[in-house]
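One file, model13.tsv, carrying TSV, C-alpha atoms and all ligand atoms:
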```
chain	number	residue	atom	x	y	z
A	838	MET	CA	0.00	0.00	0.00
A	839	THR	CA	1.30	3.45	-0.91
A	840	ARG	CA	-1.77	5.63	-0.52
A	841	LEU	CA	-4.52	6.39	1.96
A	842	SER	CA	-8.07	5.63	0.85
A	843	SER	CA	-9.31	9.05	2.01
A	844	LYS	CA	-7.47	12.31	1.36
A	845	ASP	CA	-9.13	13.77	4.47
A	846	VAL	CA	-8.11	12.91	8.03
A	847	LEU	CA	-11.20	13.48	10.13
A	848	ARG	CA	-11.45	10.73	12.76
A	849	ALA	CA	-9.11	8.16	14.29
A	850	ASP	CA	-11.49	5.30	13.47
A	851	GLN	CA	-11.29	5.96	9.71
A	852	PHE	CA	-8.01	4.06	9.26
A	853	SER	CA	-7.42	0.42	8.40
A	854	ILE	CA	-4.47	-1.36	10.05
A	855	GLU	CA	-2.65	-1.19	6.68
A	856	GLU	CA	-3.15	2.57	6.57
A	857	ILE	CA	-1.92	3.00	10.13
A	858	ASP	CA	1.19	0.97	9.25
A	859	LEU	CA	1.75	3.09	6.13
A	860	ILE	CA	1.57	6.31	8.17
A	861	LEU	CA	3.90	4.96	10.90
A	862	GLU	CA	6.43	3.64	8.36
A	863	THR	CA	6.37	6.87	6.37
A	864	ALA	CA	6.89	8.87	9.58
A	865	ALA	CA	9.79	6.65	10.66
A	866	GLY	CA	11.43	7.16	7.27
A	867	TYR	CA	11.09	10.92	7.58
A	868	GLU	CA	12.43	10.84	11.12
A	869	ARG	CA	15.53	8.95	9.96
A	870	ALA	CA	16.00	11.42	7.09
A	871	LEU	CA	15.77	14.39	9.46
A	872	GLU	CA	18.26	12.80	11.84
A	873	ALA	CA	20.63	12.26	8.92
A	874	GLY	CA	20.32	15.96	8.07
A	875	GLU	CA	18.74	15.31	4.66
A	876	ILE	CA	17.06	18.20	2.87
A	877	LEU	CA	13.64	16.96	1.71
A	878	GLU	CA	11.63	18.29	-1.22
A	879	ASP	CA	8.53	16.06	-1.19
A	880	MET	CA	6.15	19.04	-0.80
A	881	ARG	CA	8.14	21.47	-2.95
A	882	GLY	CA	5.83	23.85	-4.81
A	883	LYS	CA	2.90	23.03	-2.52
A	884	VAL	CA	1.16	25.31	-0.01
A	885	LEU	CA	-0.37	24.32	3.32
A	886	SER	CA	-3.01	26.52	4.92
A	887	THR	CA	-3.44	26.23	8.69
A	888	LEU	CA	-6.73	27.61	10.04
A	889	PHE	CA	-6.78	27.64	13.84
A	890	TYR	CA	-9.95	28.95	15.44
A	891	GLU	CA	-8.87	27.67	18.87
A	892	PRO	CA	-5.53	28.15	20.66
A	893	SER	CA	-2.62	25.89	19.74
A	894	THR	CA	1.13	25.73	20.12
A	895	ARG	CA	2.23	22.19	19.29
A	896	THR	CA	-0.30	21.19	16.67
A	897	ARG	CA	0.01	24.30	14.53
A	898	LEU	CA	3.76	24.70	14.86
A	899	SER	CA	4.49	21.01	14.24
A	900	PHE	CA	2.26	20.99	11.13
A	901	GLU	CA	4.00	24.11	9.86
A	902	ALA	CA	7.45	22.73	10.72
A	903	ALA	CA	6.50	19.47	8.98
A	904	MET	CA	5.52	21.35	5.79
A	905	LEU	CA	8.71	23.44	5.86
A	906	ARG	CA	10.86	20.31	6.47
A	907	LEU	CA	9.30	18.86	3.29
A	908	GLY	CA	10.21	21.94	1.28
A	909	GLY	CA	6.64	23.27	1.14
A	910	ARG	CA	5.25	26.64	2.19
A	911	VAL	CA	2.63	27.73	4.69
A	912	VAL	CA	-0.09	30.39	4.88
A	913	SER	CA	-1.75	30.63	8.24
A	914	VAL	CA	-4.67	32.02	10.21
A	915	ALA	CA	-3.62	31.64	13.82
A	916	GLU	CA	-6.53	33.40	15.47
A	917	ALA	CA	-10.19	33.36	14.55
A	918	LYS	CA	-10.57	36.97	15.50
A	919	SER	CA	-7.98	37.97	12.88
A	920	SER	CA	-9.98	36.20	10.13
A	921	SER	CA	-13.30	36.91	8.42
A	922	ALA	CA	-14.96	34.40	10.75
A	923	SER	CA	-15.15	37.35	13.14
A	924	LYS	CA	-17.17	39.21	10.47
A	925	GLY	CA	-19.66	36.34	10.36
A	926	GLU	CA	-18.30	34.35	7.42
A	927	SER	CA	-19.43	30.72	7.41
A	928	LEU	CA	-16.90	27.89	7.64
A	929	HIS	CA	-18.11	26.73	4.21
A	930	ASP	CA	-17.28	30.07	2.58
A	931	THR	CA	-13.90	30.29	4.31
A	932	ILE	CA	-12.97	26.81	3.08
A	933	LYS	CA	-14.19	27.56	-0.50
A	934	THR	CA	-11.88	30.58	-0.43
A	935	VAL	CA	-8.86	28.83	1.05
A	936	GLU	CA	-9.07	26.00	-1.51
A	937	GLY	CA	-8.06	28.64	-4.03
A	938	TYR	CA	-4.89	29.34	-2.06
A	939	ALA	CA	-3.64	25.99	-0.79
A	940	ASP	CA	-3.06	22.31	-1.67
A	941	VAL	CA	-3.89	21.03	1.82
A	942	ILE	CA	-5.83	22.50	4.75
A	943	VAL	CA	-5.33	21.89	8.49
A	944	LEU	CA	-8.32	23.04	10.57
A	945	ARG	CA	-8.88	23.45	14.31
A	946	HIS	CA	-12.35	24.66	15.19
A	947	PRO	CA	-14.47	24.71	18.38
A	948	GLN	CA	-17.45	22.88	16.87
A	949	VAL	CA	-17.75	19.08	16.87
A	950	GLY	CA	-18.09	17.94	13.25
A	951	SER	CA	-16.52	21.09	11.79
A	952	ALA	CA	-13.71	19.21	10.05
A	953	ALA	CA	-16.21	16.92	8.31
A	954	GLU	CA	-18.21	19.99	7.29
A	955	ALA	CA	-15.07	21.59	5.86
A	956	ALA	CA	-14.11	18.40	4.01
A	957	ALA	CA	-17.58	18.24	2.45
A	958	ALA	CA	-17.10	21.76	1.08
A	959	THR	CA	-13.89	21.07	-0.86
A	960	ASP	CA	-11.87	18.50	-2.80
A	961	THR	CA	-8.70	19.85	-1.17
A	962	PRO	CA	-7.49	17.49	1.59
A	963	VAL	CA	-8.65	18.58	5.07
A	964	LEU	CA	-6.82	17.43	8.19
A	965	ASN	CA	-8.72	17.70	11.47
A	966	ALA	CA	-6.47	19.33	14.08
A	967	GLY	CA	-9.22	19.20	16.71
A	968	ASP	CA	-12.98	19.74	16.35
A	969	GLY	CA	-14.19	20.95	19.74
A	970	ALA	CA	-14.61	18.05	22.16
A	971	GLY	CA	-14.83	15.65	19.20
A	972	GLN	CA	-11.70	14.14	17.66
A	973	HIS	CA	-7.98	14.88	17.25
A	974	PRO	CA	-6.83	12.10	14.92
A	975	THR	CA	-3.36	13.41	14.04
A	976	GLN	CA	-2.56	13.65	17.76
A	977	SER	CA	-3.60	10.03	18.27
A	978	LEU	CA	-1.25	8.93	15.48
A	979	LEU	CA	1.68	10.68	17.12
A	980	ASP	CA	0.59	9.19	20.45
A	981	LEU	CA	0.62	5.68	18.93
A	982	TYR	CA	4.01	6.38	17.33
A	983	THR	CA	5.28	7.47	20.76
A	984	ILE	CA	3.98	4.32	22.49
A	985	LEU	CA	5.71	2.18	19.87
A	986	LYS	CA	8.99	4.04	20.28
A	987	GLU	CA	8.88	4.06	24.08
A	988	GLN	CA	7.52	0.56	24.72
A	989	GLY	CA	8.64	-1.24	21.55
A	990	LYS	CA	5.13	-2.65	21.01
A	991	VAL	CA	1.43	-1.93	21.53
A	992	ASP	CA	-0.09	-5.40	21.74
A	993	GLY	CA	-0.39	-6.68	25.30
A	994	LEU	CA	-0.13	-3.27	26.97
A	995	THR	CA	-2.38	-1.85	29.67
A	996	VAL	CA	-3.05	1.79	28.84
A	997	ALA	CA	-4.60	4.20	31.35
A	998	LEU	CA	-6.24	7.37	30.06
A	999	ALA	CA	-6.74	9.81	32.93
A	1000	GLY	CA	-8.39	13.18	33.50
A	1001	ASP	CA	-11.11	14.83	31.43
A	1002	LEU	CA	-12.22	11.87	29.32
A	1003	LYS	CA	-15.59	13.49	28.60
A	1004	ASN	CA	-14.31	16.61	26.88
A	1005	GLY	CA	-10.81	15.59	25.83
A	1006	ARG	CA	-10.65	15.00	22.08
A	1007	THR	CA	-7.15	13.51	22.31
A	1008	VAL	CA	-8.36	10.60	24.42
A	1009	HIS	CA	-11.43	10.04	22.23
A	1010	SER	CA	-9.20	9.59	19.19
A	1011	LEU	CA	-6.52	7.62	21.02
A	1012	ALA	CA	-9.05	5.13	22.42
A	1013	ASP	CA	-10.41	4.53	18.91
A	1014	LEU	CA	-6.96	4.22	17.34
A	1015	LEU	CA	-5.58	1.81	19.96
A	1016	SER	CA	-8.68	-0.37	19.67
A	1017	ASN	CA	-7.05	-1.75	16.50
A	1018	TYR	CA	-4.55	-3.51	18.79
A	1019	ASP	CA	-4.68	-6.00	21.63
A	1020	VAL	CA	-4.71	-3.43	24.46
A	1021	ARG	CA	-6.42	-3.27	27.84
A	1022	PHE	CA	-7.79	0.13	28.85
A	1023	VAL	CA	-8.22	1.67	32.28
A	1024	PHE	CA	-10.23	4.89	32.07
A	1025	VAL	CA	-9.55	7.07	35.12
A	1026	ALA	CA	-11.93	10.02	35.56
A	1027	PRO	CA	-14.19	11.68	38.10
A	1028	PRO	CA	-17.81	10.53	37.59
A	1029	ALA	CA	-18.67	13.88	35.93
A	1030	LEU	CA	-15.88	13.52	33.35
A	1031	LYS	CA	-16.18	9.89	32.27
A	1032	MET	CA	-15.43	8.66	28.76
A	1033	PRO	CA	-18.59	9.02	26.61
A	1034	GLY	CA	-20.66	5.82	26.74
A	1035	GLU	CA	-20.78	5.51	22.95
A	1036	ILE	CA	-16.97	5.26	22.81
A	1037	VAL	CA	-16.85	2.69	25.64
A	1038	ASP	CA	-19.56	0.68	23.85
A	1039	ARG	CA	-17.65	0.88	20.57
A	1040	LEU	CA	-14.46	-0.43	22.21
A	1041	ARG	CA	-16.22	-3.27	24.03
A	1042	ALA	CA	-17.99	-4.25	20.80
A	1043	LYS	CA	-14.51	-4.72	19.30
A	1044	GLY	CA	-13.64	-7.06	22.19
A	1045	ILE	CA	-11.46	-4.55	24.07
A	1046	ASP	CA	-11.25	-4.91	27.85
A	1047	VAL	CA	-12.23	-1.56	29.43
A	1048	GLU	CA	-12.16	-0.83	33.15
A	1049	GLU	CA	-13.56	2.47	34.49
A	1050	THR	CA	-12.51	3.96	37.81
A	1051	ASP	CA	-11.97	7.31	39.54
A	1052	ASP	CA	-9.01	6.00	41.56
A	1053	LEU	CA	-5.70	6.76	39.84
A	1054	ALA	CA	-3.49	5.35	42.60
A	1055	ALA	CA	-5.29	2.01	42.55
A	1056	ALA	CA	-5.13	1.79	38.76
A	1057	LEU	CA	-1.44	2.67	38.43
A	1058	PRO	CA	0.44	-0.56	39.36
A	1059	SER	CA	-0.96	-2.56	36.41
A	1060	CYS	CA	-0.29	0.14	33.80
A	1061	ASP	CA	2.35	0.19	31.05
A	1062	VAL	CA	1.28	3.60	29.72
A	1063	LEU	CA	-0.32	6.44	31.68
A	1064	TYR	CA	-1.82	9.17	29.47
A	1065	MET	CA	-2.66	12.23	31.56
A	1066	THR	CA	-4.93	15.01	30.26
A	1067	ARG	CA	-5.88	18.55	31.17
A	1068	ILE	CA	-9.34	19.31	32.52
A	1069	GLN	CA	-10.78	21.15	29.47
A	1070	ARG	CA	-11.81	24.45	31.05
A	1071	GLU	CA	-13.09	25.93	27.78
A	1072	ARG	CA	-15.76	23.19	27.57
A	1073	PHE	CA	-17.34	23.98	30.97
A	1074	GLU	CA	-20.49	26.07	31.16
A	1075	ASP	CA	-20.20	26.52	34.94
A	1076	PRO	CA	-16.84	27.91	36.21
A	1077	ALA	CA	-17.60	26.56	39.70
A	1078	GLU	CA	-17.81	23.04	38.27
A	1079	TYR	CA	-14.41	23.54	36.64
A	1080	ASP	CA	-12.94	24.74	39.95
A	1081	ARG	CA	-14.34	21.68	41.69
A	1082	LEU	CA	-12.75	19.30	39.18
A	1083	LYS	CA	-9.61	21.08	38.01
A	1084	ASP	CA	-7.19	19.34	40.37
A	1085	ALA	CA	-8.87	15.93	40.20
A	1086	TYR	CA	-5.52	14.25	39.43
A	1087	VAL	CA	-2.07	15.62	40.10
A	1088	LEU	CA	0.68	13.13	39.27
A	1089	THR	CA	3.61	13.30	41.70
A	1090	ARG	CA	6.70	11.16	42.28
A	1091	ALA	CA	5.05	9.88	45.47
A	1092	ILE	CA	1.94	8.67	43.60
A	1093	LEU	CA	4.19	7.01	41.01
A	1094	GLU	CA	6.07	4.98	43.67
A	1095	PRO	CA	4.10	1.70	43.10
A	1096	ALA	CA	4.12	2.03	39.29
A	1097	LYS	CA	6.13	-0.27	37.00
A	1098	ALA	CA	9.70	0.95	36.42
A	1099	SER	CA	8.96	0.72	32.69
A	1100	LEU	CA	5.86	2.97	32.87
A	1101	THR	CA	5.60	5.48	30.00
A	1102	ILE	CA	4.03	8.76	31.12
A	1103	MET	CA	2.36	10.75	28.35
A	1104	HIS	CA	0.39	14.00	28.08
A	1105	PRO	CA	-0.72	15.78	24.88
A	1106	LEU	CA	0.21	19.09	26.56
A	1107	PRO	CA	-0.40	21.83	27.54
A	1108	ARG	CA	-0.23	20.69	31.16
A	1109	VAL	CA	-1.76	22.95	33.76
A	1110	ASN	CA	-1.38	21.14	37.06
A	1111	GLU	CA	-1.72	17.45	36.16
A	1112	ILE	CA	1.95	16.47	36.39
A	1113	ALA	CA	4.38	17.87	38.97
A	1114	THR	CA	7.44	19.27	37.20
A	1115	ASP	CA	9.85	16.99	39.11
A	1116	VAL	CA	8.25	14.03	37.31
A	1117	ASP	CA	9.85	15.40	34.11
A	1118	GLU	CA	13.26	13.94	35.03
A	1119	LEU	CA	11.98	10.36	35.27
A	1120	PRO	CA	13.12	8.23	32.32
A	1121	GLY	CA	9.51	7.27	31.51
A	1122	ALA	CA	8.32	10.89	31.29
A	1123	ALA	CA	7.79	10.97	27.54
A	1124	TYR	CA	5.60	14.03	26.98
A	1125	PHE	CA	8.20	16.31	25.41
A	1126	ARG	CA	9.47	13.46	23.20
A	1127	GLN	CA	5.80	12.87	22.35
A	1128	ALA	CA	5.43	16.52	21.25
A	1129	ALA	CA	8.55	16.21	19.05
A	1130	ASN	CA	7.08	13.11	17.38
A	1131	GLY	CA	4.38	15.38	15.96
A	1132	VAL	CA	6.76	16.54	13.23
A	1133	PRO	CA	7.52	13.19	11.47
A	1134	ILE	CA	3.90	12.03	11.87
A	1135	ARG	CA	2.57	15.23	10.32
A	1136	MET	CA	5.19	15.10	7.55
A	1137	ALA	CA	3.85	11.63	6.74
A	1138	LEU	CA	0.23	12.80	6.75
A	1139	LEU	CA	0.90	15.87	4.60
A	1140	SER	CA	2.75	13.87	1.97
A	1141	LEU	CA	0.31	10.93	1.98
A	1142	VAL	CA	-2.88	13.01	1.59
A	1143	THR	CA	-1.41	14.96	-1.33
A	1144	ARG	CA	-0.13	11.91	-3.26
B	1	LIG	C1	-4.65	19.09	23.03
B	1	LIG	C2	-5.85	19.65	22.27
B	1	LIG	O1	-5.78	20.75	21.74
B	1	LIG	O2	-6.83	18.93	22.24
B	1	LIG	N1	-3.46	19.73	22.75
B	1	LIG	C3	-2.73	19.30	21.66
B	1	LIG	O3	-3.19	19.34	20.54
B	1	LIG	N2	-1.51	18.80	21.90
B	1	LIG	C4	-4.89	18.86	24.45
B	1	LIG	C5	-5.43	19.97	25.30
B	1	LIG	O4	-5.62	21.09	24.85
B	1	LIG	O5	-5.66	19.68	26.48
```
Same coordinates, now as structure tokens:
Amino acid sequence: MTRLSSKDVLRADQFSIEEIDLILETAAGYERALEAGEILEDMRGKVLSTLFYEPSTRTRLSFEAAMLRLGGRVVSVAEAKSSSASKGESLHDTIKTVEGYADVIVLRHPQVGSAAEAAAATDTPVLNAGDGAGQHPTQSLLDLYTILKEQGKVDGLTVALAGDLKNGRTVHSLADLLSNYDVRFVFVAPPALKMPGEIVDRLRAKGIDVEETDDLAAALPSCDVLYMTRIQRERFEDPAEYDRLKDAYVLTRAILEPAKASLTIMHPLPRVNEIATDVDELPGAAYFRQAANGVPIRMALLSLVTR
């Protein structure tokens, strides 16, 4: 296989195992080329447009770095209020305009389903960089790539996803993506922030073992990967509810005492208070390596959707 069946990347559950392998292998090839100092030209003459209607550091910069590393160019809207969206332009009209400027579009937007709506408006490839509390498929691919690099495998692992599983799009996509493998999940969340039932049902229907708990310390000893997430303040209607839940889980060296020595600790970042900074020095603290993995994965996606 050399191509993806869809030129759009909208959801983590859209990929076949063969497509996931193609993306991972392409990313690994690019990573080796970057390490060897090669100058790449795969996207030469092409333009990427990044449209970010919600804040971002890693996703936007790593997509832009990926395009530049491939010899392509980038035009960017980094803030909704600096674009015509603030004048009331519809997403449809914005996308119809941008298709005249770019060969590939990366969109982050607060509304669930916005990436699918954008993709329906254009033949230009659309990559979903986060649609509200919906999906974040490119993040889940770099998360999978990170697990493979850190643990050497995915099959047989126990993976804990902890924090705001209700509103966190990274964990929605990661749960779907990892359900292609023989994993066991432990979902750790306060009752108010549990993983949506439809996702849990989808995983169990695929034969995946899912345990749900609100007790991080009790869950920890059996885990191979612990994926922490931020409580998603921007999704709360009631600030008091956010204040009540914001420090639900704070990972410290003391809490990590009974964990496996080989535990991989991940976080999509930004972290607010979920991981004490002295955890960063532990060999299993992988979150900054995880962020760096965004570049080869996004290089792979950009080149594959424009083939
Ligand atoms: C995440 C996001 O935007 O969903 N960040 C990211 O893309 N690395 C996670 C978050 O904001 O909590």
Quick one: contact table of chain A to ligand LIG 1 (chain B), 8 Å max, nearest atom pair and distance in Å to one decimal per residue, counting all atoms listed in the file, chain and number order, as JSON lines?
```
{"residue": "A:Pro892", "atom": "CA", "partner": "B:LIG1", "partner_atom": "O1", "distance": 7.5}
{"residue": "A:Ser893", "atom": "CA", "partner": "B:LIG1", "partner_atom": "O1", "distance": 6.4}
{"residue": "A:Thr894", "atom": "CA", "partner": "B:LIG1", "partner_atom": "N2", "distance": 7.6}
{"residue": "A:Arg895", "atom": "CA", "partner": "B:LIG1", "partner_atom": "N2", "distance": 5.7}
{"residue": "A:Thr896", "atom": "CA", "partner": "B:LIG1", "partner_atom": "O3", "distance": 5.2}
{"residue": "A:Ala966", "atom": "CA", "partner": "B:LIG1", "partner_atom": "O3", "distance": 7.2}
{"residue": "A:Gly967", "atom": "CA", "partner": "B:LIG1", "partner_atom": "O2", "distance": 6.0}
{"residue": "A:Ala970", "atom": "CA", "partner": "B:LIG1", "partner_atom": "O2", "distance": 7.8}
{"residue": "A:His973", "atom": "CA", "partner": "B:LIG1", "partner_atom": "O2", "distance": 6.5}
{"residue": "A:Gln976", "atom": "CA", "partner": "B:LIG1", "partner_atom": "O3", "distance": 6.4}
{"residue": "A:Gly1005", "atom": "CA", "partner": "B:LIG1", "partner_atom": "O2", "distance": 6.3}
{"residue": "A:Arg1006", "atom": "CA", "partner": "B:LIG1", "partner_atom": "O2", "distance": 5.5}
{"residue": "A:Thr1007", "atom": "CA", "partner": "B:LIG1", "partner_atom": "O2", "distance": 5.4}
{"residue": "A:Thr1066", "atom": "CA", "partner": "B:LIG1", "partner_atom": "O5", "distance": 6.1}
{"residue": "A:Arg1067", "atom": "CA", "partner": "B:LIG1", "partner_atom": "O5", "distance": 4.8}
{"residue": "A:Ile1068", "atom": "CA", "partner": "B:LIG1", "partner_atom": "O5", "distance": 7.1}
{"residue": "A:Gln1069", "atom": "CA", "partner": "B:LIG1", "partner_atom": "O5", "distance": 6.1}
{"residue": "A:Pro1105", "atom": "CA", "partner": "B:LIG1", "partner_atom": "N2", "distance": 4.3}
{"residue": "A:Leu1106", "atom": "CA", "partner": "B:LIG1", "partner_atom": "N2", "distance": 5.0}
{"residue": "A:Pro1107", "atom": "CA", "partner": "B:LIG1", "partner_atom": "O5", "distance": 5.8}
{"residue": "A:Arg1108", "atom": "CA", "partner": "B:LIG1", "partner_atom": "O5", "distance": 7.2}
{"residue": "A:Ala1128", "atom": "CA", "partner": "B:LIG1", "partner_atom": "N2", "distance": 7.3}
```
**Request:** Can you work out which one of A:Leu928, A:Ile1092, A:Ala1129, A:Leu981 has the shortest atom-to-atom distance to Ala957 of chain A, counting only C-alpha atoms?
**Result:** A:Leu928
**Residue among A:Thr934, A:Thr1089, A:Ser927, A:Ser1099 lying closest to Ala1113 of chain A, counting all atoms listed in the file** = A:Thr1089
**Asked** Do you know which residues are at most 10 Å from segment 989-991 of chain A counting only C-alpha atoms, after dropping those on the same chain fewer than 2 positions away, and could you put them as a ChimeraX atom specification?
**Response** /A:981-987,993-996,1015,1017-1020,1061-1062
**Complete:** Of A:Thr839, A:Asn1110, A:Leu1082, A:Gln988, the one nearest to Asp858 of chain A when counting all atoms listed in the file is A:Thr839
**Request:** May I ask which of the residues A:Arg1039, A:Lys1083, A:Leu1002, A:Gln972 is the closest one to Val949 of chain A, counting only C-alpha atoms?
**Result:** A:Gln972
